[in-house]
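Trainee: My structure file model_11.cif, mmCIF, C-alpha atoms, is below:
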```cif
data_data
loop_
_atom_site.label_atom_id
_atom_site.label_comp_id
_atom_site.auth_asym_id
_atom_site.auth_seq_id
_atom_site.Cartn_x
_atom_site.Cartn_y
_atom_site.Cartn_z
CA MET A 173 -6.29 -4.07 33.27
CA VAL A 174 -4.05 -1.00 33.09
CA GLU A 175 -6.06 2.12 33.84
CA VAL A 176 -5.32 5.86 33.94
CA VAL A 177 -7.60 8.78 34.81
CA LYS A 178 -9.36 9.87 31.59
CA THR A 179 -11.96 12.35 32.82
CA ASP A 180 -9.74 15.05 34.28
CA ARG A 181 -7.64 16.58 31.50
CA ALA A 182 -4.98 18.06 33.78
CA ALA A 183 -4.66 14.80 35.71
CA LEU A 184 -4.36 12.86 32.45
CA VAL A 185 -1.64 15.08 31.03
CA GLY A 186 0.25 15.10 34.33
CA SER A 187 0.03 11.32 34.63
CA LEU A 188 1.27 10.74 31.09
CA LYS A 189 4.14 13.20 31.54
CA ASP A 190 5.17 11.27 34.64
CA ARG A 191 5.04 8.04 32.67
CA ALA A 192 7.14 9.43 29.81
CA TYR A 193 9.72 10.71 32.30
CA GLN A 194 10.01 7.29 33.93
CA LEU A 195 10.22 5.52 30.58
CA ARG A 196 13.12 7.77 29.55
CA ARG A 197 14.95 7.04 32.81
CA ASP A 198 14.42 3.33 32.28
CA VAL A 199 15.77 3.51 28.72
CA LEU A 200 18.93 5.35 29.73
CA GLU A 201 19.64 3.13 32.72
CA MET A 202 19.11 -0.16 30.91
CA VAL A 203 21.14 0.84 27.84
CA ALA A 204 23.97 2.07 30.07
CA ALA A 205 23.89 -1.17 32.05
CA ALA A 206 23.97 -3.20 28.82
CA GLY A 207 26.79 -1.15 27.33
CA SER A 208 24.93 -1.15 24.01
CA GLY A 209 21.51 -0.47 22.56
CA HIS A 210 19.48 2.20 20.82
CA PRO A 211 18.70 5.21 23.03
CA GLY A 212 17.96 7.87 20.38
CA GLY A 213 14.84 6.42 18.78
CA SER A 214 13.64 5.11 22.13
CA LEU A 215 13.77 8.54 23.74
CA SER A 216 11.93 10.13 20.81
CA SER A 217 9.06 7.67 21.35
CA ALA A 218 8.58 8.09 25.12
CA GLU A 219 5.39 10.17 25.00
CA ILE A 220 3.96 7.93 22.28
CA LEU A 221 4.45 4.76 24.35
CA ALA A 222 3.20 6.51 27.49
CA ALA A 223 -0.05 7.53 25.80
CA VAL A 224 -0.58 4.17 24.09
CA TYR A 225 0.12 1.95 27.09
CA PHE A 226 -1.23 4.09 29.92
CA TYR A 227 -4.14 5.82 28.22
CA LYS A 228 -5.51 4.01 25.20
CA LEU A 229 -4.48 0.36 25.03
CA GLN A 230 -6.90 -2.21 26.42
CA HIS A 231 -4.57 -4.88 27.77
CA ASP A 232 -4.01 -7.09 30.79
CA PRO A 233 -0.44 -7.71 31.95
CA LYS A 234 -1.68 -10.63 34.05
CA ASN A 235 -3.07 -12.24 30.89
CA PRO A 236 -0.77 -11.24 27.98
CA THR A 237 -2.57 -13.49 25.48
CA TRP A 238 -6.08 -12.25 26.32
CA PRO A 239 -7.86 -12.69 22.95
CA ASP A 240 -9.72 -9.37 23.11
CA ARG A 241 -6.66 -7.28 23.97
CA ASP A 242 -5.63 -4.37 21.77
CA ARG A 243 -2.33 -5.05 20.01
CA PHE A 244 0.70 -2.72 19.99
CA ILE A 245 3.31 -3.63 17.40
CA LEU A 246 6.75 -2.05 17.46
CA SER A 247 7.85 -2.24 13.83
CA LYS A 248 11.01 -0.19 14.40
CA GLY A 249 12.31 -3.03 16.54
CA HIS A 250 15.70 -1.49 17.38
CA ALA A 251 13.78 0.82 19.76
CA ALA A 252 13.18 -2.21 21.95
CA PRO A 253 14.29 -0.40 25.15
CA ILE A 254 11.26 1.90 25.14
CA LEU A 255 8.94 -1.07 24.59
CA TYR A 256 10.57 -3.03 27.41
CA ALA A 257 10.27 -0.01 29.69
CA ALA A 258 6.55 0.31 28.93
CA LEU A 259 5.97 -3.41 29.48
CA ALA A 260 7.84 -3.39 32.79
CA GLU A 261 6.01 -0.28 34.01
CA SER A 262 2.72 -1.94 33.00
CA GLY A 263 3.56 -5.05 35.04
CA TYR A 264 4.29 -7.67 32.39
CA PHE A 265 7.52 -8.60 34.18
CA PRO A 266 9.54 -7.26 37.13
CA HIS A 267 11.12 -3.84 36.68
CA SER A 268 14.43 -5.32 37.79
CA ASP A 269 14.51 -7.40 34.58
CA LEU A 270 15.42 -4.24 32.69
CA GLU A 271 18.94 -4.56 34.11
CA ARG A 272 19.28 -7.72 31.98
CA LEU A 273 18.88 -5.94 28.62
CA ARG A 274 21.01 -7.68 25.96
CA LYS A 275 22.51 -10.09 28.50
CA LEU A 276 23.06 -13.78 27.72
CA HIS A 277 19.90 -15.85 28.37
CA SER A 278 17.86 -12.70 29.13
CA HIS A 279 14.36 -12.43 27.68
CA LEU A 280 15.14 -8.81 26.82
CA GLN A 281 17.29 -9.02 23.72
CA GLY A 282 18.40 -6.21 21.42
CA HIS A 283 15.29 -6.65 19.30
CA PRO A 284 11.90 -7.87 20.57
CA ASP A 285 11.24 -11.61 20.58
CA GLN A 286 7.60 -12.63 20.94
CA THR A 287 8.58 -16.15 21.97
CA LYS A 288 10.46 -14.93 25.05
CA THR A 289 9.01 -11.66 26.31
CA PRO A 290 5.48 -11.31 27.75
CA GLY A 291 3.57 -8.54 26.00
CA VAL A 292 5.65 -8.54 22.80
CA GLU A 293 3.29 -9.12 19.87
CA VAL A 294 5.83 -9.70 17.10
CA SER A 295 9.54 -10.39 16.77
CA ALA A 296 10.89 -7.29 15.05
CA GLY A 297 14.14 -5.92 13.71
CA SER A 298 13.93 -6.24 9.94
CA LEU A 299 12.37 -2.89 9.14
CA GLY A 300 8.97 -2.87 7.47
CA GLN A 301 7.96 -6.37 8.47
CA GLY A 302 6.26 -5.42 11.72
CA PHE A 303 4.01 -2.99 9.89
CA SER A 304 2.96 -5.68 7.43
CA PHE A 305 2.29 -8.02 10.34
CA ALA A 306 0.01 -5.36 11.82
CA GLN A 307 -2.12 -5.37 8.66
CA GLY A 308 -2.62 -9.11 8.97
CA VAL A 309 -3.59 -8.87 12.63
CA ALA A 310 -6.06 -6.08 11.86
CA LEU A 311 -7.59 -7.96 8.93
CA SER A 312 -7.88 -11.09 11.05
CA GLY A 313 -9.76 -9.10 13.67
CA LYS A 314 -12.07 -7.68 11.02
CA LEU A 315 -12.88 -11.07 9.55
CA ALA A 316 -13.48 -12.57 12.98
CA GLY A 317 -15.67 -9.68 14.12
CA ALA A 318 -13.31 -9.06 17.04
CA GLY A 319 -13.37 -5.76 18.89
CA TYR A 320 -9.66 -5.20 19.37
CA HIS A 321 -7.67 -2.34 17.84
CA VAL A 322 -4.17 -2.59 16.41
CA TYR A 323 -1.51 0.11 16.90
CA ALA A 324 1.76 -0.03 14.93
CA LEU A 325 4.75 2.26 15.44
CA ILE A 326 7.15 2.83 12.54
CA GLY A 327 10.07 5.19 12.02
CA ASP A 328 10.42 7.83 9.33
CA GLY A 329 13.59 6.14 8.08
CA GLU A 330 11.64 2.88 7.99
CA MET A 331 9.44 4.44 5.33
CA ASP A 332 12.33 3.84 2.90
CA GLU A 333 11.20 0.22 2.86
CA GLY A 334 8.92 -0.62 -0.06
CA GLN A 335 7.14 -3.08 2.17
CA ILE A 336 5.71 -0.15 4.15
CA TRP A 337 3.91 1.16 1.08
CA GLU A 338 2.62 -2.26 0.04
CA ALA A 339 1.13 -2.55 3.52
CA ALA A 340 -0.29 0.98 3.26
CA LEU A 341 -2.13 0.05 0.06
CA PHE A 342 -3.38 -3.19 1.62
CA ALA A 343 -4.81 -1.49 4.70
CA ALA A 344 -6.66 1.16 2.71
CA HIS A 345 -8.00 -1.41 0.23
CA HIS A 346 -9.42 -3.52 3.06
CA LYS A 347 -10.72 -0.46 4.96
CA LEU A 348 -8.89 -1.45 8.14
CA ASP A 349 -10.39 1.15 10.47
CA ASN A 350 -9.31 -1.04 13.40
CA LEU A 351 -5.69 -0.13 12.58
CA THR A 352 -3.80 2.97 13.71
CA GLY A 353 -0.30 3.56 12.44
CA ILE A 354 2.05 5.95 14.22
CA VAL A 355 5.18 7.27 12.53
CA ASP A 356 7.95 8.68 14.72
CA VAL A 357 9.30 11.49 12.55
CA ASN A 358 12.57 12.23 14.37
CA GLY A 359 14.55 12.98 11.20
CA ILE A 360 17.41 10.53 11.79
CA GLN A 361 17.99 6.97 10.60
CA ASN A 362 21.00 5.05 11.84
CA ASP A 363 24.04 7.35 11.42
CA TYR A 364 22.50 9.90 9.05
CA PHE A 365 19.70 12.41 8.68
CA VAL A 366 16.68 11.00 6.86
CA LYS A 367 16.64 13.87 4.36
CA ASP A 368 20.15 12.91 3.23
CA ILE A 369 19.19 9.28 2.54
CA LEU A 370 15.74 9.57 0.94
CA VAL A 371 13.41 12.56 1.18
CA THR A 372 10.22 11.39 2.89
CA GLU A 373 8.30 14.67 2.93
CA PRO A 374 5.54 15.52 2.32
CA ILE A 375 4.69 12.68 4.73
CA VAL A 376 1.11 13.78 5.38
CA ASP A 377 0.26 14.09 1.70
CA LYS A 378 1.77 10.70 0.92
CA TRP A 379 -0.27 8.82 3.53
CA ARG A 380 -3.44 10.63 2.45
CA ALA A 381 -2.74 9.70 -1.15
CA PHE A 382 -2.53 6.06 -0.06
CA GLY A 383 -6.03 6.28 1.39
CA TRP A 384 -5.31 6.86 5.07
CA HIS A 385 -6.85 9.35 7.46
CA VAL A 386 -3.89 11.41 8.71
CA ILE A 387 -3.37 13.35 11.94
CA ASP A 388 -0.25 15.55 12.16
CA ILE A 389 0.88 16.41 15.72
CA ASP A 390 3.72 17.27 18.09
CA GLY A 391 4.91 13.83 19.17
CA HIS A 392 6.07 15.11 22.55
CA ASP A 393 2.68 16.59 23.51
CA VAL A 394 0.98 13.83 25.49
CA GLY A 395 -2.38 15.58 25.36
CA ALA A 396 -2.22 15.86 21.58
CA ILE A 397 -1.25 12.19 21.30
CA ALA A 398 -4.15 11.11 23.53
CA ASP A 399 -6.56 13.21 21.44
CA ALA A 400 -5.18 11.74 18.21
CA LEU A 401 -5.58 8.19 19.53
CA ASP A 402 -9.19 8.94 20.42
CA GLN A 403 -9.83 10.44 17.00
CA ALA A 404 -8.22 7.47 15.27
CA THR A 405 -10.49 4.94 16.95
CA ALA A 406 -13.55 7.00 15.94
CA ILE A 407 -12.68 6.96 12.23
CA THR A 408 -14.61 4.46 10.12
CA GLY A 409 -13.93 3.06 6.66
CA GLN A 410 -10.18 3.71 6.53
CA PRO A 411 -7.00 3.25 8.59
CA THR A 412 -5.43 6.19 10.42
CA MET A 413 -1.81 7.33 10.48
CA ILE A 414 -0.69 9.62 13.30
CA VAL A 415 2.35 11.61 12.19
CA CYS A 416 4.34 12.44 15.35
CA ARG A 417 6.96 15.17 14.94
CA THR A 418 9.69 14.34 17.45
CA VAL A 419 13.33 14.90 18.37
CA LYS A 420 15.67 11.94 18.38
CA GLY A 421 17.33 11.63 21.80
CA LYS A 422 14.65 13.90 23.31
CA GLY A 423 15.40 15.08 26.84
CA VAL A 424 19.17 14.70 26.82
CA SER A 425 21.10 17.71 25.50
CA PHE A 426 24.04 15.83 23.98
CA MET A 427 21.80 13.19 22.38
CA GLU A 428 19.12 15.44 20.87
CA ASN A 429 19.12 15.51 17.06
CA ASN A 430 22.53 13.81 17.07
CA PRO A 431 22.96 10.77 14.77
CA ASP A 432 25.84 9.53 16.96
CA TRP A 433 23.27 8.39 19.54
CA HIS A 434 21.21 6.15 17.31
CA GLY A 435 22.89 3.07 18.72
CA LYS A 436 25.39 3.87 21.46
CA ALA A 437 25.36 3.53 25.24
CA PRO A 438 26.21 6.45 27.54
CA SER A 439 29.18 6.24 29.88
CA LYS A 440 28.68 6.38 33.66
CA GLU A 441 29.35 10.11 33.62
CA GLN A 442 27.08 10.72 30.64
CA LEU A 443 24.31 8.72 32.29
CA ALA A 444 24.52 10.85 35.42
CA GLN A 445 24.29 14.04 33.33
CA ALA A 446 21.40 12.67 31.28
CA LEU A 447 19.38 11.63 34.32
CA ALA A 448 19.99 14.99 35.98
CA GLU A 449 18.78 16.81 32.86
CA LEU A 450 15.65 14.67 32.71
CA GLU A 451 14.89 15.29 36.38
CA THR A 452 15.31 19.06 36.05
CA ALA A 453 13.18 19.27 32.91
CA HIS A 454 10.45 17.14 34.45
CA ALA A 455 10.39 19.19 37.63
CA ASN A 456 9.98 22.36 35.57
CA SER A 457 7.35 20.94 33.21
CA GLY A 458 4.41 21.83 35.44
#
```
Take the structure in the file and give it back as structure tokens.

Mentor:
Amino acid sequence: MVEVVKTDRAALVGSLKDRAYQLRRDVLEMVAAAGSGHPGGSLSSAEILAAVYFYKLQHDPKNPTWPDRDRFILSKGHAAPILYAALAESGYFPHSDLERLRKLHSHLQGHPDQTKTPGVEVSAGSLGQGFSFAQGVALSGKLAGAGYHVYALIGDGEMDEGQIWEAALFAAHHKLDNLTGIVDVNGIQNDYFVKDILVTEPIVDKWRAFGWHVIDIDGHDVGAIADALDQATAITGQPTMIVCRTVKGKGVSFMENNPDWHGKAPSKEQLAQALAELETAHANSG
């Protein structure tokens, strides 16, 4: 089982900050090695994945198909690098495998493949489908009287998909309180700003109107994310959506809030600058 200190608040926050820092390094290094990939939306999700995998999720890397495990479903599948980083850091496969991102015959392809990669719950890439899959897994758990919890991460641009809102209605109708959705509100989808494609705000009001309990937080505050995850699992009678306000490309000056870095690999020189910036920021974070 993956464990992290939960009783000491300062130790928890420090541990999760360390995890997020390492996940960001992993993302940048593997995407640079691959020469392609999606760094922007992976970097915006680093604290979210750190808190889910190293604080809240009940899982066993030595037994990926453990029936009672909690499930994490990455619906915005193009952010596969951050998921692979979390799985490697958890021990599902050797850390050195990250160097094989997007390589021929590698189990770490550009989008997650549940048939090849230990710890991946659903093959994702077609936006909206992973979130619907999460509803089915949660309902299955409810009907079976299982104790596991389902966590599903979507993007704010992904909310353009009608399938998201069908799933939202389904979860509320079936009172899936064993389901926690997380939306990474980084404001960018592909090569454009979300607001220029379809206006998604007011996000909180929309999810509440669909019958969800909603928690609105800073998606880069690991303490706030941990608290929200705890609150979500205490809610009964309805699903919970955690709205995480983030910055796409977080931690790298030339990537932050820049649509150009949705799906592009850094050069050798850019990688060196990015890693140096991450190291400096982490050292100064307390």

Trainee: Can you check which parts of region 351-406 of chain A lie within 10 Å of region 245-252 of chain A? Per residue, the shortest pair of atoms and distance in Å to one decimal, counting all atoms listed in the file, sorted by chain and number, as a Markdown table.

Mentor:
```
| residue | atom | partner | partner_atom | distance |
| --- | --- | --- | --- | --- |
| A:Gly353 | CA | A:Ile245 | CA | 9.5 |
| A:Ile354 | CA | A:Leu246 | CA | 9.8 |
| A:Val355 | CA | A:Lys248 | CA | 9.7 |
| A:Asp356 | CA | A:Lys248 | CA | 9.4 |
```

Trainee: Would you export the selected residues with C-alpha atoms as a compact mmCIF listing (two decimals), in the frame of the given file, please?

Mentor:
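To be explicit, this is the file written out as again03.txt:
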```
# COMPACT_ATOMS: atom_id res chain seq x y z
CA GLY A 353 -0.30 3.56 12.44
CA ILE A 354 2.05 5.95 14.22
CA VAL A 355 5.18 7.27 12.53
CA ASP A 356 7.95 8.68 14.72
```

Trainee: Around region 430-442 of chain A, fit a box with edges along x, y and z, padding it by 3 Å on each side, then list its centre and edge lengths in Å to one decimal as AutoDock Vina command-line options.

Mentor:
```
--center_x 25.3 --center_y 8.4 --center_z 24.2 --size_x 14.1 --size_y 16.7 --size_z 24.9
```

Trainee: Using CA of Gln301 (chain A) and CA of Ala324 (chain A) as the two end points, give the distance in Å to one decimal.

Mentor: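 CA of Ala324 (chain A) lies 11.0 Å from CA of Gln301 (chain A).
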
Trainee: Determine the nearest neighbour of Ile369 (chain A) from the options A:Ala257, A:Asp328, A:Leu351, A:Gly383, counting all atoms listed in the file.

Mentor: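 Ranking A:Ala257, A:Asp328, A:Leu351, A:Gly383 by distance to Ile369 (chain A), first place goes to A:Asp328.
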
Trainee: In terms of the shortest atom-to-atom distance over all atoms listed in the file, which of A:Leu370, A:Leu273, A:Leu229, A:Ala183 is closest to Ala437 (chain A)?

Mentor: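 Of the candidates, the smallest distance to Ala437 (chain A) is held by A:Leu273.
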
Trainee: Using all atoms listed in the file, which of A:Asn430, A:Gly263, A:Tyr364, A:Gly423 sits nearest Leu450 (chain A)?

Mentor: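 The closest residue to Leu450 (chain A) is A:Gly423.
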
Trainee: Under the PyMOL selection byres ((chain A and resi 440) around 12), which residues of this model are included? Write them out as an NGL selection string.

Mentor: :A and (200-207 or 437-439 or 441-447)

Trainee: Which residue gives the smallest distance to Glu293 (chain A) among A:Asp332, A:Asp232, A:Glu428, A:Asp242, with all atoms listed in the file counted?

Mentor: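 Using all atoms listed in the file, Glu293 (chain A) sits closest to A:Asp242.
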
Trainee: Got a sec: who's within 10 Å of Ile375 (chain A), counting only C-alpha atoms, leaving out chain neighbours fewer than 2 positions off, as a PyMOL selection string?

Mentor: chain A and resi 328+331+355+357+371-373+377-381+386+388+415

Trainee: Between A:Asp349, A:Glu451, A:Asp240, A:Asp285, which has the minimum distance to Ala192 (chain A) (counting all atoms listed in the file)?

Mentor: A:Glu451

Trainee: Just the number, please: distance in Å from CA of Thr405 (chain A) to CA of Ala223 (chain A), one decimal.

Mentor: 13.9 Å

Trainee: Could you list, as a list of chain:residue names, every residue within 9 Å of Tyr225 (chain A), counting only C-alpha atoms and ignoring same-chain residues fewer than 2 positions away?

Mentor: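 The neighbour list is A:Val174, A:Ile220, A:Leu221, A:Ala222, A:Ala223, A:Tyr227, A:Lys228, A:Leu229, A:Gln230, A:His231, A:Phe244, A:Ala258, A:Leu259, A:Ser262.
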
Trainee: Could those residues be written to a file, using C-alpha atoms, as a PDB file, in the coordinates of the input?

Mentor:
```
ATOM      1  CA  VAL A 174      -4.050  -1.000  33.090  1.00  0.00           C
ATOM      2  CA  ILE A 220       3.960   7.930  22.280  1.00  0.00           C
ATOM      3  CA  LEU A 221       4.450   4.760  24.350  1.00  0.00           C
ATOM      4  CA  ALA A 222       3.200   6.510  27.490  1.00  0.00           C
ATOM      5  CA  ALA A 223      -0.050   7.530  25.800  1.00  0.00           C
ATOM      6  CA  TYR A 227      -4.140   5.820  28.220  1.00  0.00           C
ATOM      7  CA  LYS A 228      -5.510   4.010  25.200  1.00  0.00           C
ATOM      8  CA  LEU A 229      -4.480   0.360  25.030  1.00  0.00           C
ATOM      9  CA  GLN A 230      -6.900  -2.210  26.420  1.00  0.00           C
ATOM     10  CA  HIS A 231      -4.570  -4.880  27.770  1.00  0.00           C
ATOM     11  CA  PHE A 244       0.700  -2.720  19.990  1.00  0.00           C
ATOM     12  CA  ALA A 258       6.550   0.310  28.930  1.00  0.00           C
ATOM     13  CA  LEU A 259       5.970  -3.410  29.480  1.00  0.00           C
ATOM     14  CA  SER A 262       2.720  -1.940  33.000  1.00  0.00           C
TER      15      SER A 262
END
```

Trainee: Under the rule that all atoms listed in the file are counted, which of A:His321, A:Lys436, A:Arg417, A:His346 is the nearest residue to Glu219 (chain A)?

Mentor: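 When distances to Glu219 (chain A) are compared using all atoms listed in the file, the smallest one comes from A:Arg417.
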
Trainee: If the PyMOL selection byres ((chain A and resi 317-320) around 9) is run on the structure shown, which residues does it catch, given as JSON, numbers by chain?

Mentor: {"A": [230, 239, 240, 241, 242, 243, 310, 312, 313, 314, 315, 316, 321, 322, 350]}

Trainee: Generate the output file for the selected residues, C-alpha atoms, as an mmCIF file, keeping the file's coordinate frame.

Mentor:
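Generated output (again_3.cif):
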```
data_model
loop_
_atom_site.group_PDB
_atom_site.id
_atom_site.type_symbol
_atom_site.label_atom_id
_atom_site.label_comp_id
_atom_site.auth_asym_id
_atom_site.auth_seq_id
_atom_site.Cartn_x
_atom_site.Cartn_y
_atom_site.Cartn_z
ATOM 1 C CA GLN A 230 -6.900 -2.210 26.420
ATOM 2 C CA PRO A 239 -7.860 -12.690 22.950
ATOM 3 C CA ASP A 240 -9.720 -9.370 23.110
ATOM 4 C CA ARG A 241 -6.660 -7.280 23.970
ATOM 5 C CA ASP A 242 -5.630 -4.370 21.770
ATOM 6 C CA ARG A 243 -2.330 -5.050 20.010
ATOM 7 C CA ALA A 310 -6.060 -6.080 11.860
ATOM 8 C CA SER A 312 -7.880 -11.090 11.050
ATOM 9 C CA GLY A 313 -9.760 -9.100 13.670
ATOM 10 C CA LYS A 314 -12.070 -7.680 11.020
ATOM 11 C CA LEU A 315 -12.880 -11.070 9.550
ATOM 12 C CA ALA A 316 -13.480 -12.570 12.980
ATOM 13 C CA HIS A 321 -7.670 -2.340 17.840
ATOM 14 C CA VAL A 322 -4.170 -2.590 16.410
ATOM 15 C CA ASN A 350 -9.310 -1.040 13.400
#
```

Trainee: For CA of Ile254 (chain A) and CA of Glu338 (chain A), quote the distance in Å rounded to one decimal.

Mentor: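 These two atoms are separated by 26.9 Å.
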
Trainee: Please check which residues have atoms at most 8 Å from (13.6, 15.4, 26.7) in the file's coordinates, counting all atoms listed in the file, and write them as a list in words.

Mentor: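 Counting all atoms listed in the file, I find these residues within 8 Å of (13.6, 15.4, 26.7): Leu215, Gly421, Lys422, Gly423, Val424, Ser425, Leu450 and Ala453 of chain A.
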
Trainee: What would region 240-264 of chain A look like with N, CA and C atoms restored, written as a tab-separated table (two decimals), in the coordinates of the input?

Mentor:
```tsv
chain	number	residue	atom	x	y	z
A	240	ASP	N	-9.09	-10.64	23.46
A	240	ASP	CA	-9.72	-9.37	23.11
A	240	ASP	C	-8.83	-8.15	23.36
A	241	ARG	N	-7.57	-8.39	23.70
A	241	ARG	CA	-6.66	-7.28	23.97
A	241	ARG	C	-6.41	-6.46	22.71
A	242	ASP	N	-6.17	-5.16	22.86
A	242	ASP	CA	-5.63	-4.37	21.77
A	242	ASP	C	-4.19	-4.81	21.55
A	243	ARG	N	-3.70	-4.65	20.34
A	243	ARG	CA	-2.33	-5.05	20.01
A	243	ARG	C	-1.47	-3.82	19.72
A	244	PHE	N	-0.30	-3.73	20.36
A	244	PHE	CA	0.70	-2.72	19.99
A	244	PHE	C	1.87	-3.44	19.36
A	245	ILE	N	2.24	-2.99	18.16
A	245	ILE	CA	3.31	-3.63	17.40
A	245	ILE	C	4.41	-2.60	17.14
A	246	LEU	N	5.59	-2.90	17.67
A	246	LEU	CA	6.75	-2.05	17.46
A	246	LEU	C	7.46	-2.52	16.20
A	247	SER	N	7.22	-1.84	15.09
A	247	SER	CA	7.85	-2.24	13.83
A	247	SER	C	9.30	-1.79	13.78
A	248	LYS	N	9.60	-0.63	14.34
A	248	LYS	CA	11.01	-0.19	14.40
A	248	LYS	C	11.65	-0.87	15.62
A	249	GLY	N	11.96	-2.16	15.43
A	249	GLY	CA	12.31	-3.03	16.54
A	249	GLY	C	13.58	-2.67	17.28
A	250	HIS	N	14.48	-1.88	16.67
A	250	HIS	CA	15.70	-1.49	17.38
A	250	HIS	C	15.38	-0.59	18.58
A	251	ALA	N	14.19	0.00	18.61
A	251	ALA	CA	13.78	0.82	19.76
A	251	ALA	C	13.19	-0.04	20.86
A	252	ALA	N	13.65	-1.27	20.94
A	252	ALA	CA	13.18	-2.21	21.95
A	252	ALA	C	13.24	-1.67	23.38
A	253	PRO	N	14.25	-0.87	23.76
A	253	PRO	CA	14.29	-0.40	25.15
A	253	PRO	C	13.04	0.35	25.59
A	254	ILE	N	12.46	1.16	24.73
A	254	ILE	CA	11.26	1.90	25.14
A	254	ILE	C	10.07	0.96	25.28
A	255	LEU	N	10.01	-0.08	24.46
A	255	LEU	CA	8.94	-1.07	24.59
A	255	LEU	C	9.11	-1.85	25.89
A	256	TYR	N	10.32	-2.29	26.18
A	256	TYR	CA	10.57	-3.03	27.41
A	256	TYR	C	10.24	-2.18	28.64
A	257	ALA	N	10.58	-0.90	28.57
A	257	ALA	CA	10.27	-0.01	29.69
A	257	ALA	C	8.77	0.08	29.91
A	258	ALA	N	8.01	0.22	28.82
A	258	ALA	CA	6.55	0.31	28.93
A	258	ALA	C	5.96	-0.99	29.46
A	259	LEU	N	6.48	-2.12	29.01
A	259	LEU	CA	5.97	-3.41	29.48
A	259	LEU	C	6.28	-3.62	30.96
A	260	ALA	N	7.48	-3.25	31.38
A	260	ALA	CA	7.84	-3.39	32.79
A	260	ALA	C	6.99	-2.48	33.67
A	261	GLU	N	6.81	-1.23	33.23
A	261	GLU	CA	6.01	-0.28	34.01
A	261	GLU	C	4.54	-0.72	34.05
A	262	SER	N	4.10	-1.45	33.03
A	262	SER	CA	2.72	-1.94	33.00
A	262	SER	C	2.53	-3.16	33.90
A	263	GLY	N	3.64	-3.88	34.17
A	263	GLY	CA	3.56	-5.05	35.04
A	263	GLY	C	3.66	-6.39	34.33
A	264	TYR	N	4.14	-6.41	33.10
A	264	TYR	CA	4.29	-7.67	32.39
A	264	TYR	C	5.41	-8.53	32.96
```
